[in-house]
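This is query-v5.txt. It holds compact mmCIF, C-alpha atoms.
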```
# COMPACT_ATOMS: atom_id res chain seq x y z
CA MET A 1 -11.13 -18.94 15.58
CA LYS A 2 -11.58 -19.47 11.82
CA GLN A 3 -15.09 -20.44 10.77
CA GLY A 4 -15.35 -24.20 10.31
CA GLY A 5 -12.11 -24.91 12.18
CA THR A 6 -11.48 -26.30 15.64
CA ARG A 7 -9.94 -24.48 18.58
CA ILE A 8 -6.78 -26.50 18.04
CA ASP A 9 -6.68 -25.31 14.42
CA ALA A 10 -7.05 -21.71 15.61
CA VAL A 11 -4.08 -21.98 17.99
CA MET A 12 -1.96 -23.59 15.29
CA ALA A 13 -2.95 -20.96 12.73
CA GLN A 14 -2.02 -18.11 15.05
CA VAL A 15 1.43 -19.56 15.76
CA ARG A 16 2.06 -20.26 12.05
CA SER A 17 1.01 -16.71 11.18
CA ARG A 18 3.41 -15.18 13.68
CA ILE A 19 6.25 -17.38 12.42
CA ALA A 20 5.47 -16.46 8.79
CA SER A 21 5.40 -12.73 9.57
CA ARG A 22 8.63 -13.13 11.60
CA ALA A 23 7.00 -11.89 14.78
CA TYR A 24 8.37 -15.20 16.10
CA SER A 25 11.91 -15.71 14.82
CA PRO A 26 13.87 -19.01 15.09
CA GLY A 27 14.70 -19.75 18.70
CA THR A 28 11.87 -17.61 20.10
CA ARG A 29 10.17 -19.16 23.11
CA LEU A 30 6.42 -19.48 22.60
CA PRO A 31 4.03 -18.32 25.30
CA SER A 32 3.51 -20.98 27.93
CA VAL A 33 0.53 -23.24 27.41
CA ARG A 34 -1.31 -21.48 30.24
CA ALA A 35 -0.55 -18.00 28.92
CA GLN A 36 -1.60 -18.99 25.39
CA ALA A 37 -4.77 -20.60 26.68
CA ALA A 38 -5.70 -17.48 28.64
CA ALA A 39 -4.91 -15.18 25.69
CA MET A 40 -7.09 -17.16 23.28
CA GLY A 41 -9.82 -18.18 25.67
CA VAL A 42 -9.28 -21.91 25.19
CA SER A 43 -8.37 -24.78 27.50
CA VAL A 44 -4.81 -25.69 28.42
CA SER A 45 -5.28 -29.12 26.86
CA THR A 46 -6.22 -27.45 23.54
CA VAL A 47 -2.97 -25.51 23.50
CA VAL A 48 -0.94 -28.58 24.48
CA GLU A 49 -2.44 -30.52 21.58
CA ALA A 50 -1.84 -27.63 19.15
CA TYR A 51 1.78 -27.23 20.25
CA GLU A 52 2.40 -30.97 19.96
CA ARG A 53 1.00 -31.02 16.41
CA LEU A 54 3.18 -28.04 15.46
CA ALA A 55 6.18 -29.86 16.92
CA ALA A 56 5.29 -32.98 14.93
CA GLU A 57 5.27 -30.99 11.68
CA GLY A 58 8.60 -29.35 12.55
CA SER A 59 7.43 -25.77 13.04
CA ILE A 60 8.41 -25.70 16.72
CA THR A 61 10.49 -27.83 19.06
CA SER A 62 9.90 -28.94 22.64
CA ARG A 63 12.54 -28.49 25.31
CA PRO A 64 11.60 -30.47 28.42
CA GLY A 65 11.39 -28.28 31.47
CA SER A 66 11.75 -25.11 29.38
CA GLY A 67 8.85 -24.91 26.91
CA PHE A 68 8.27 -24.73 23.17
CA TYR A 69 10.53 -22.81 20.76
CA VAL A 70 10.33 -21.81 17.12
CA ALA A 71 12.42 -24.12 14.94
CA GLY A 72 14.89 -22.77 12.35
CA PRO A 73 15.77 -21.74 9.74
CA VAL A 74 14.00 -18.45 9.03
CA ALA A 75 10.77 -19.03 7.12
CA PRO A 76 10.22 -17.14 3.85
CA LEU A 77 8.73 -13.72 4.58
CA ALA A 78 4.96 -13.90 4.01
CA LEU A 79 3.86 -10.37 3.10
CA THR A 80 0.19 -11.17 3.55
CA GLU A 81 0.85 -11.99 7.20
CA ILE A 82 2.45 -8.62 8.01
CA GLY A 83 0.31 -6.08 9.81
CA PRO A 84 -3.42 -6.07 10.39
CA ARG A 85 -5.86 -7.79 8.06
CA LEU A 86 -7.04 -5.23 5.51
CA ASP A 87 -10.01 -5.04 3.21
CA ARG A 88 -8.83 -6.01 -0.25
CA GLU A 89 -9.91 -2.64 -1.62
CA ILE A 90 -7.18 -0.95 0.44
CA ASP A 91 -4.58 -3.72 0.71
CA PRO A 92 -1.64 -2.36 -1.36
CA LEU A 93 -0.31 -5.83 -2.19
CA TRP A 94 -3.69 -6.93 -3.51
CA VAL A 95 -4.16 -3.70 -5.48
CA SER A 96 -0.70 -4.06 -7.03
CA ARG A 97 -1.36 -7.68 -8.00
CA GLN A 98 -4.79 -6.88 -9.44
CA SER A 99 -3.38 -4.10 -11.61
CA LEU A 100 -1.24 -6.69 -13.42
CA GLU A 101 -3.83 -9.47 -13.53
CA ALA A 102 -6.79 -7.40 -14.74
CA ALA A 103 -8.15 -7.89 -18.26
CA SER A 104 -6.55 -5.77 -20.99
CA ASP A 105 -9.71 -3.67 -21.42
CA ALA A 106 -10.07 -2.93 -17.68
CA LEU A 107 -9.60 0.64 -16.49
CA ARG A 108 -6.56 1.14 -14.25
CA PRO A 109 -6.81 4.58 -12.66
CA GLY A 110 -3.63 5.50 -10.81
CA CYS A 111 -1.34 3.18 -12.78
CA GLY A 112 -0.24 5.79 -15.33
CA TRP A 113 0.03 3.15 -18.08
CA LEU A 114 -0.47 4.10 -21.72
CA PRO A 115 -2.48 2.03 -24.22
CA ALA A 116 -0.37 -0.52 -26.10
CA ASP A 117 -0.94 1.20 -29.46
CA TRP A 118 0.59 4.42 -28.07
CA MET A 119 3.91 2.72 -27.36
CA TYR A 120 7.02 2.69 -29.57
CA GLU A 121 6.24 -0.67 -31.16
CA ALA A 122 7.91 -0.07 -34.56
CA GLY A 123 11.14 1.07 -32.90
CA ILE A 124 11.17 -1.92 -30.57
CA ARG A 125 10.77 -4.35 -33.48
CA ARG A 126 13.63 -2.69 -35.39
CA ALA A 127 15.88 -2.85 -32.33
CA LEU A 128 15.09 -6.54 -31.74
CA ARG A 129 15.87 -7.40 -35.37
CA ALA A 130 19.18 -5.55 -35.11
CA LEU A 131 20.03 -7.25 -31.81
CA ALA A 132 19.29 -10.66 -33.31
CA LYS A 133 22.12 -10.02 -35.80
CA ALA A 134 24.60 -8.97 -33.11
CA ASP A 135 27.58 -11.10 -32.12
CA SER A 136 27.16 -13.79 -29.49
CA VAL A 137 28.72 -11.71 -26.71
CA ALA A 138 25.89 -9.15 -26.88
CA LEU A 139 23.31 -11.93 -26.77
CA THR A 140 24.71 -14.23 -24.12
CA GLU A 141 27.25 -12.54 -21.84
CA TYR A 142 26.70 -10.62 -18.61
CA ALA A 143 26.85 -6.85 -18.73
CA THR A 144 29.12 -4.79 -16.50
CA PRO A 145 27.84 -4.34 -12.92
CA LEU A 146 26.48 -0.84 -13.57
CA GLY A 147 24.87 -1.86 -16.85
CA HIS A 148 25.39 -1.18 -20.55
CA PRO A 149 28.00 1.63 -20.91
CA GLY A 150 26.47 3.04 -24.09
CA LEU A 151 23.04 3.46 -22.54
CA ARG A 152 24.53 5.07 -19.45
CA GLN A 153 26.31 7.58 -21.70
CA VAL A 154 22.99 8.44 -23.38
CA LEU A 155 21.26 8.81 -20.01
CA SER A 156 24.07 11.04 -18.76
CA ARG A 157 23.51 13.43 -21.68
CA ARG A 158 19.72 13.39 -21.22
CA LEU A 159 20.00 14.21 -17.53
CA ALA A 160 22.50 16.99 -18.25
CA ALA A 161 19.89 18.58 -20.53
CA ALA A 162 17.54 18.63 -17.52
CA GLY A 163 20.15 20.37 -15.37
CA ILE A 164 21.27 17.21 -13.56
CA ASP A 165 25.03 16.86 -13.96
CA THR A 166 25.59 13.10 -13.84
CA ALA A 167 28.67 11.15 -14.90
CA PRO A 168 28.06 7.68 -16.41
CA GLU A 169 29.62 6.04 -13.34
CA GLN A 170 26.89 7.66 -11.23
CA LEU A 171 24.24 5.79 -13.23
CA MET A 172 23.21 2.22 -12.52
CA LEU A 173 20.79 0.29 -14.72
CA THR A 174 18.03 -1.71 -13.07
CA GLU A 175 15.19 -3.87 -14.30
CA SER A 176 12.59 -1.18 -13.60
CA GLY A 177 11.88 1.94 -11.58
CA THR A 178 10.33 -0.28 -8.92
CA GLN A 179 13.50 -2.38 -8.67
CA ALA A 180 15.52 0.80 -8.39
CA ILE A 181 13.46 1.84 -5.34
CA ASP A 182 13.72 -1.69 -3.96
CA LEU A 183 17.53 -1.58 -4.13
CA ILE A 184 17.58 1.80 -2.41
CA CYS A 185 15.31 0.47 0.34
CA ARG A 186 17.54 -2.59 0.81
CA PHE A 187 20.54 -0.33 1.25
CA LEU A 188 19.04 2.41 3.43
CA LEU A 189 16.14 0.93 5.40
CA GLU A 190 15.78 -1.35 8.39
CA PRO A 191 12.42 -2.85 9.42
CA GLY A 192 10.47 -0.25 11.36
CA ASP A 193 12.11 2.78 9.71
CA THR A 194 9.75 5.57 8.70
CA VAL A 195 9.30 6.62 5.06
CA LEU A 196 7.38 9.66 3.84
CA VAL A 197 5.20 9.43 0.73
CA ASP A 198 2.77 11.83 -0.88
CA ASP A 199 -0.96 11.67 -0.26
CA PRO A 200 -2.07 10.52 -2.76
CA CYS A 201 0.85 8.64 -4.30
CA TYR A 202 1.50 5.79 -6.73
CA PHE A 203 -0.15 2.79 -5.04
CA ASN A 204 2.82 0.50 -5.69
CA PHE A 205 4.97 2.57 -3.30
CA HIS A 206 2.80 1.28 -0.45
CA ALA A 207 3.15 -2.34 -1.58
CA LEU A 208 6.93 -2.03 -1.90
CA LEU A 209 7.36 -0.35 1.47
CA LYS A 210 5.17 -2.96 3.13
CA ALA A 211 7.55 -5.62 1.79
CA HIS A 212 10.40 -3.75 3.50
CA ARG A 213 8.37 -3.52 6.73
CA ALA A 214 8.67 0.26 6.78
CA ARG A 215 6.33 2.63 8.60
CA VAL A 216 4.64 4.81 5.99
CA VAL A 217 3.64 8.40 6.78
CA SER A 218 1.67 10.33 4.14
CA VAL A 219 2.05 14.06 3.49
CA PRO A 220 -0.78 15.86 1.61
CA TYR A 221 0.17 16.84 -1.94
CA THR A 222 -0.94 20.24 -3.23
CA PRO A 223 -0.93 21.68 -6.79
CA ASN A 224 2.60 23.01 -6.06
CA GLY A 225 4.07 19.99 -4.29
CA PRO A 226 3.83 18.51 -0.79
CA ASP A 227 2.35 20.59 2.00
CA VAL A 228 5.58 22.02 3.42
CA ALA A 229 4.24 22.66 6.91
CA ARG A 230 3.02 19.07 7.21
CA PHE A 231 6.28 17.83 5.68
CA GLU A 232 8.35 19.71 8.27
CA ALA A 233 6.09 18.46 11.07
CA ALA A 234 6.59 14.87 9.90
CA LEU A 235 10.35 15.37 9.94
CA ARG A 236 10.24 16.61 13.54
CA GLU A 237 7.78 14.05 14.86
CA ARG A 238 8.62 10.88 12.90
CA ALA A 239 12.35 11.16 12.01
CA PRO A 240 11.89 9.50 8.59
CA ARG A 241 14.76 7.87 6.70
CA LEU A 242 13.41 8.37 3.16
CA TYR A 243 10.94 10.47 1.20
CA ILE A 244 9.67 9.03 -2.11
CA THR A 245 8.01 11.44 -4.54
CA ASN A 246 7.45 12.55 -8.16
CA SER A 247 8.48 16.10 -9.08
CA GLY A 248 7.26 16.20 -12.67
CA ILE A 249 3.75 14.99 -13.59
CA HIS A 250 2.98 13.70 -10.15
CA ASN A 251 1.20 10.35 -10.08
CA PRO A 252 -1.79 10.34 -9.66
CA THR A 253 -2.55 14.07 -9.34
CA GLY A 254 -0.67 15.40 -12.39
CA ALA A 255 0.63 18.32 -10.30
CA THR A 256 4.15 19.70 -10.66
CA LEU A 257 6.62 20.89 -8.05
CA SER A 258 7.18 24.66 -7.75
CA PRO A 259 10.71 26.08 -7.31
CA LEU A 260 9.79 27.65 -3.95
CA VAL A 261 8.47 24.39 -2.53
CA ALA A 262 11.49 22.53 -3.93
CA HIS A 263 13.95 24.80 -2.10
CA ARG A 264 12.01 24.58 1.16
CA LEU A 265 11.88 20.78 0.91
CA LEU A 266 15.60 20.48 0.33
CA LYS A 267 16.41 22.84 3.19
CA ALA A 268 14.22 20.85 5.56
CA ALA A 269 15.61 17.52 4.31
CA ASP A 270 19.19 18.68 4.78
CA GLY A 271 18.52 19.69 8.37
CA ALA A 272 16.89 16.34 9.13
CA GLY A 273 19.39 14.10 7.32
CA LEU A 274 16.62 12.86 5.01
CA VAL A 275 17.33 11.04 1.74
CA ILE A 276 14.90 11.85 -1.09
CA VAL A 277 14.05 9.40 -3.88
CA GLU A 278 12.77 11.31 -6.91
CA ASP A 279 10.81 9.00 -9.22
CA ASP A 280 10.95 10.65 -12.66
CA ILE A 281 9.44 8.05 -14.98
CA PHE A 282 7.05 10.55 -16.64
CA ALA A 283 9.74 13.09 -17.59
CA ASP A 284 9.35 12.50 -21.34
CA PHE A 285 5.70 13.58 -21.26
CA GLU A 286 6.28 17.12 -20.00
CA HIS A 287 5.77 20.09 -22.34
CA THR A 288 7.44 22.47 -19.88
CA PRO A 289 9.83 20.67 -17.50
CA ALA A 290 9.08 21.13 -13.81
CA PRO A 291 11.87 21.83 -11.31
CA ARG A 292 13.79 18.74 -10.31
CA LEU A 293 14.99 18.20 -6.77
CA ALA A 294 18.00 16.32 -8.16
CA ALA A 295 19.01 19.37 -10.22
CA PHE A 296 18.79 21.75 -7.26
CA ASP A 297 20.51 19.29 -4.94
CA GLY A 298 23.25 18.09 -7.31
CA LEU A 299 22.57 14.45 -6.35
CA SER A 300 23.86 15.03 -2.85
CA ARG A 301 20.78 14.14 -0.82
CA VAL A 302 18.52 13.22 -3.74
CA ILE A 303 18.60 9.94 -5.67
CA GLN A 304 16.80 10.14 -8.98
CA ILE A 305 15.29 7.09 -10.66
CA GLY A 306 13.67 6.54 -14.03
CA SER A 307 12.56 3.84 -16.44
CA PHE A 308 11.24 3.28 -19.94
CA SER A 309 8.14 1.32 -18.94
CA GLN A 310 5.80 4.24 -19.66
CA THR A 311 7.49 5.61 -22.77
CA ILE A 312 8.81 2.60 -24.73
CA SER A 313 7.64 -0.73 -23.31
CA ALA A 314 6.78 -2.22 -19.93
CA SER A 315 8.16 -5.53 -21.22
CA LEU A 316 11.59 -4.00 -21.82
CA ARG A 317 12.33 -4.05 -18.06
CA CYS A 318 14.91 -1.32 -17.92
CA GLY A 319 15.26 1.47 -15.39
CA PHE A 320 18.07 3.39 -13.73
CA THR A 321 19.25 5.24 -10.66
CA ALA A 322 21.29 8.45 -10.65
CA ALA A 323 23.21 8.87 -7.41
CA PRO A 324 26.69 9.51 -6.03
CA ALA A 325 29.02 6.74 -7.24
CA ASP A 326 29.64 5.43 -3.71
CA ARG A 327 25.90 4.88 -3.19
CA ASN A 328 25.67 2.90 -6.43
CA ASP A 329 28.58 0.74 -5.27
CA SER A 330 26.83 0.09 -1.96
CA CYS A 331 23.59 -0.87 -3.72
CA LEU A 332 25.43 -3.21 -6.08
CA PHE A 333 27.12 -5.15 -3.32
CA HIS A 334 24.43 -4.90 -0.64
CA PRO A 335 23.04 -8.41 -0.11
CA PRO A 336 21.10 -9.94 -1.68
CA HIS A 337 23.01 -9.00 -4.85
CA ALA A 338 20.52 -7.53 -7.30
CA ALA A 339 22.62 -5.57 -9.77
CA PRO A 340 21.54 -5.59 -13.41
CA GLU A 341 23.33 -8.36 -15.25
CA ARG A 342 22.15 -8.23 -18.83
CA PRO A 343 22.92 -5.65 -21.52
CA ALA A 344 20.25 -3.03 -22.08
```

Written form, structure tokens:
Amino acid sequence: MKQGGTRIDAVMAQVRSRIASRAYSPGTRLPSVRAQAAAMGVSVSTVVEAYERLAAEGSITSRPGSGFYVAGPVAPLALTEIGPRLDREIDPLWVSRQSLEAASDALRPGCGWLPADWMYEAGIRRALRALAKADSVALTEYATPLGHPGLRQVLSRRLAAAGIDTAPEQLMLTESGTQAIDLICRFLLEPGDTVLVDDPCYFNFHALLKAHRARVVSVPYTPNGPDVARFEAALRERAPRLYITNSGIHNPTGATLSPLVAHRLLKAADGAGLVIVEDDIFADFEHTPAPRLAAFDGLSRVIQIGSFSQTISASLRCGFTAAPADRNDSCLFHPPHAAPERPA
């Protein structure tokens, strides 16, 4: 029971929490008043009163002779109600939120964000002045579903220089690298699916995967890439759907993937039917490019994503995915529709 609340409040809070986290979906029959009373160590009359108050507010309905049922429609998904209560220091949603709300002079280890005066401010201002003089179509109309054709042509050439042969129609612009991963998760994951991440990894991966109600399994990351033996064991024991990683300038370790580890990873992934998401947002900072899983794989099992948040501006909100054209089509039209709509 919450401190300062009554037993009736505690019963109501528990039912609301389970509805918010979708443990109780619309039409679900609630535990009987006797079962709920026994489970919470309260009297039957307390549960009856709590259920009647919930019915009065419209959260549940009473069916005489049958019991109490969750009312529809589906409540908005409350991320804070999913899973066990966590200390804020390790709650990924809280950490992600704090990283954006912290004061400008606060240290943000693990974010990988550059100081504002390191960014391409002069170039951004020139581009905005030029765009302000563009015709009305460029300023007001929707872009094509895959995003601005000219930018996709540029990205195609940049990826080709890294050994990743990508046609413009295999590129889809997104609002960020995070949105790119979100679209991939919407397309490929169901609640309860297992996803592999590195240990340690970018903290926002955990927040995003929690929103998709995925089971996260961490694989230790070494100076040469993930621990292959542990990676293969996770494939056998957990049957993951996705693996999300950085190949070049790994966040937060700074390690780079070795060619040997890359080949072993791809061989194991192919045997297990695993899809790999290669987050490559730090590519422009490398002096000597590390091996890319997407280059070795030819974008068969690997989806590469990138953005300009670290190199140009986090306010620009522009990222991309590089994948087989049919996967981009599926992401574009997978509900809810989230394809990029404005010109880059």

Tell me, as a short mmCIF file (atom, residue, chain, number, x, y, z; two decimals) with C-alpha atoms, in the coordinates of the input, which residues lie within 6 Å of A:Leu146, counting all atoms listed in the file; anything in the same chain fewer than 2 positions away does not count.
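That gives us out21.cif:
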```cif
data_model
loop_
_atom_site.label_atom_id
_atom_site.label_comp_id
_atom_site.auth_asym_id
_atom_site.auth_seq_id
_atom_site.Cartn_x
_atom_site.Cartn_y
_atom_site.Cartn_z
CA THR A 144 29.12 -4.79 -16.50
CA MET A 172 23.21 2.22 -12.52
CA LEU A 173 20.79 0.29 -14.72
#
```

Test item: residues at most 9 Å from stretch 193-204 of chain A, all atoms listed in the file, excluding those fewer than 2 positions along its chain, as a ChimeraX atom specification: /A:92-93,95-96,110-112,178,189-191,206-209,213-221,225-226,231,234-235,238-246,250-253

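Nearest-residue note for A:Pro31: choosing from A:Gly67, A:Gly273, A:Gly248, A:Gly306, the minimum distance belongs to A:Gly67, counting all atoms listed in the file.
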
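A straight-line distance of 28.1 Å separates atom CA of A:Gly27 from atom CA of A:Gly5.
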
Atom CA of A:Leu171 and atom CA of A:Val302 are how many Å apart?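 Interatomic distance, atom CA of A:Leu171 to atom CA of A:Val302: 13.3 Å.
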
Taken to one decimal, the atom CA of A:Glu57-atom CA of A:Gly72 distance is 12.7 Å

For each of A:Val277, A:Ala325, A:Leu114, A:Val11, take the minimum atom-to-atom distance to A:Ala38, counting only C-alpha atoms, then give the residue where this is smallest.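 Looking only at the distances to A:Ala38, the closest residue turns out to be A:Val11.
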
Nearest candidate to A:Leu257 (options A:Pro289, A:Gly147, A:Pro324, A:Gly177; using only C-alpha atoms):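 When distances to A:Leu257 are compared using only C-alpha atoms, the smallest one comes from A:Pro289.
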
Counting all atoms listed in the file, what is within 9 Å of A:Arg34, bar same-chain residues fewer than 5 positions away, as a VMD selection string? chain A and resid 39 43 to 44 47

Could you write those residues out with C-alpha atoms, as a compact mmCIF listing (two decimals), in the frame of the given file?
```txt
# COMPACT_ATOMS: atom_id res chain seq x y z
CA ALA A 39 -4.91 -15.18 25.69
CA SER A 43 -8.37 -24.78 27.50
CA VAL A 44 -4.81 -25.69 28.42
CA VAL A 47 -2.97 -25.51 23.50
```

Considering all atoms listed in the file, can you say which of A:Pro259, A:Glu286, A:Ser309, A:Arg236 comes closest to A:Gly271? A:Arg236

Pick the closest to A:Tyr24 from A:Leu128, A:Ala55, A:Ile60, A:Thr6: which is it, counting all atoms listed in the file? A:Ile60

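Neighbours of A:Pro291 closer than or equal to 10 Å, with all atoms listed in the file counted and sequence neighbours fewer than 6 positions away skipped, come out as Ala162, Gly163, Ser247, Gly248, Thr256, Leu257, Ser258, Pro259, Leu260, Val261, Ala262 and His263 of chain A.
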
Since we have the selection now, will you write its residues out, keeping C-alpha atoms, as a PDB file, keeping the file's coordinate frame?
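Output below, filename selection-v6.pdb:
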```
ATOM      1  CA  ALA A 162      17.540  18.630 -17.520  1.00  0.00           C
ATOM      2  CA  GLY A 163      20.150  20.370 -15.370  1.00  0.00           C
ATOM      3  CA  SER A 247       8.480  16.100  -9.080  1.00  0.00           C
ATOM      4  CA  GLY A 248       7.260  16.200 -12.670  1.00  0.00           C
ATOM      5  CA  THR A 256       4.150  19.700 -10.660  1.00  0.00           C
ATOM      6  CA  LEU A 257       6.620  20.890  -8.050  1.00  0.00           C
ATOM      7  CA  SER A 258       7.180  24.660  -7.750  1.00  0.00           C
ATOM      8  CA  PRO A 259      10.710  26.080  -7.310  1.00  0.00           C
ATOM      9  CA  LEU A 260       9.790  27.650  -3.950  1.00  0.00           C
ATOM     10  CA  VAL A 261       8.470  24.390  -2.530  1.00  0.00           C
ATOM     11  CA  ALA A 262      11.490  22.530  -3.930  1.00  0.00           C
ATOM     12  CA  HIS A 263      13.950  24.800  -2.100  1.00  0.00           C
TER      13      HIS A 263
END
```
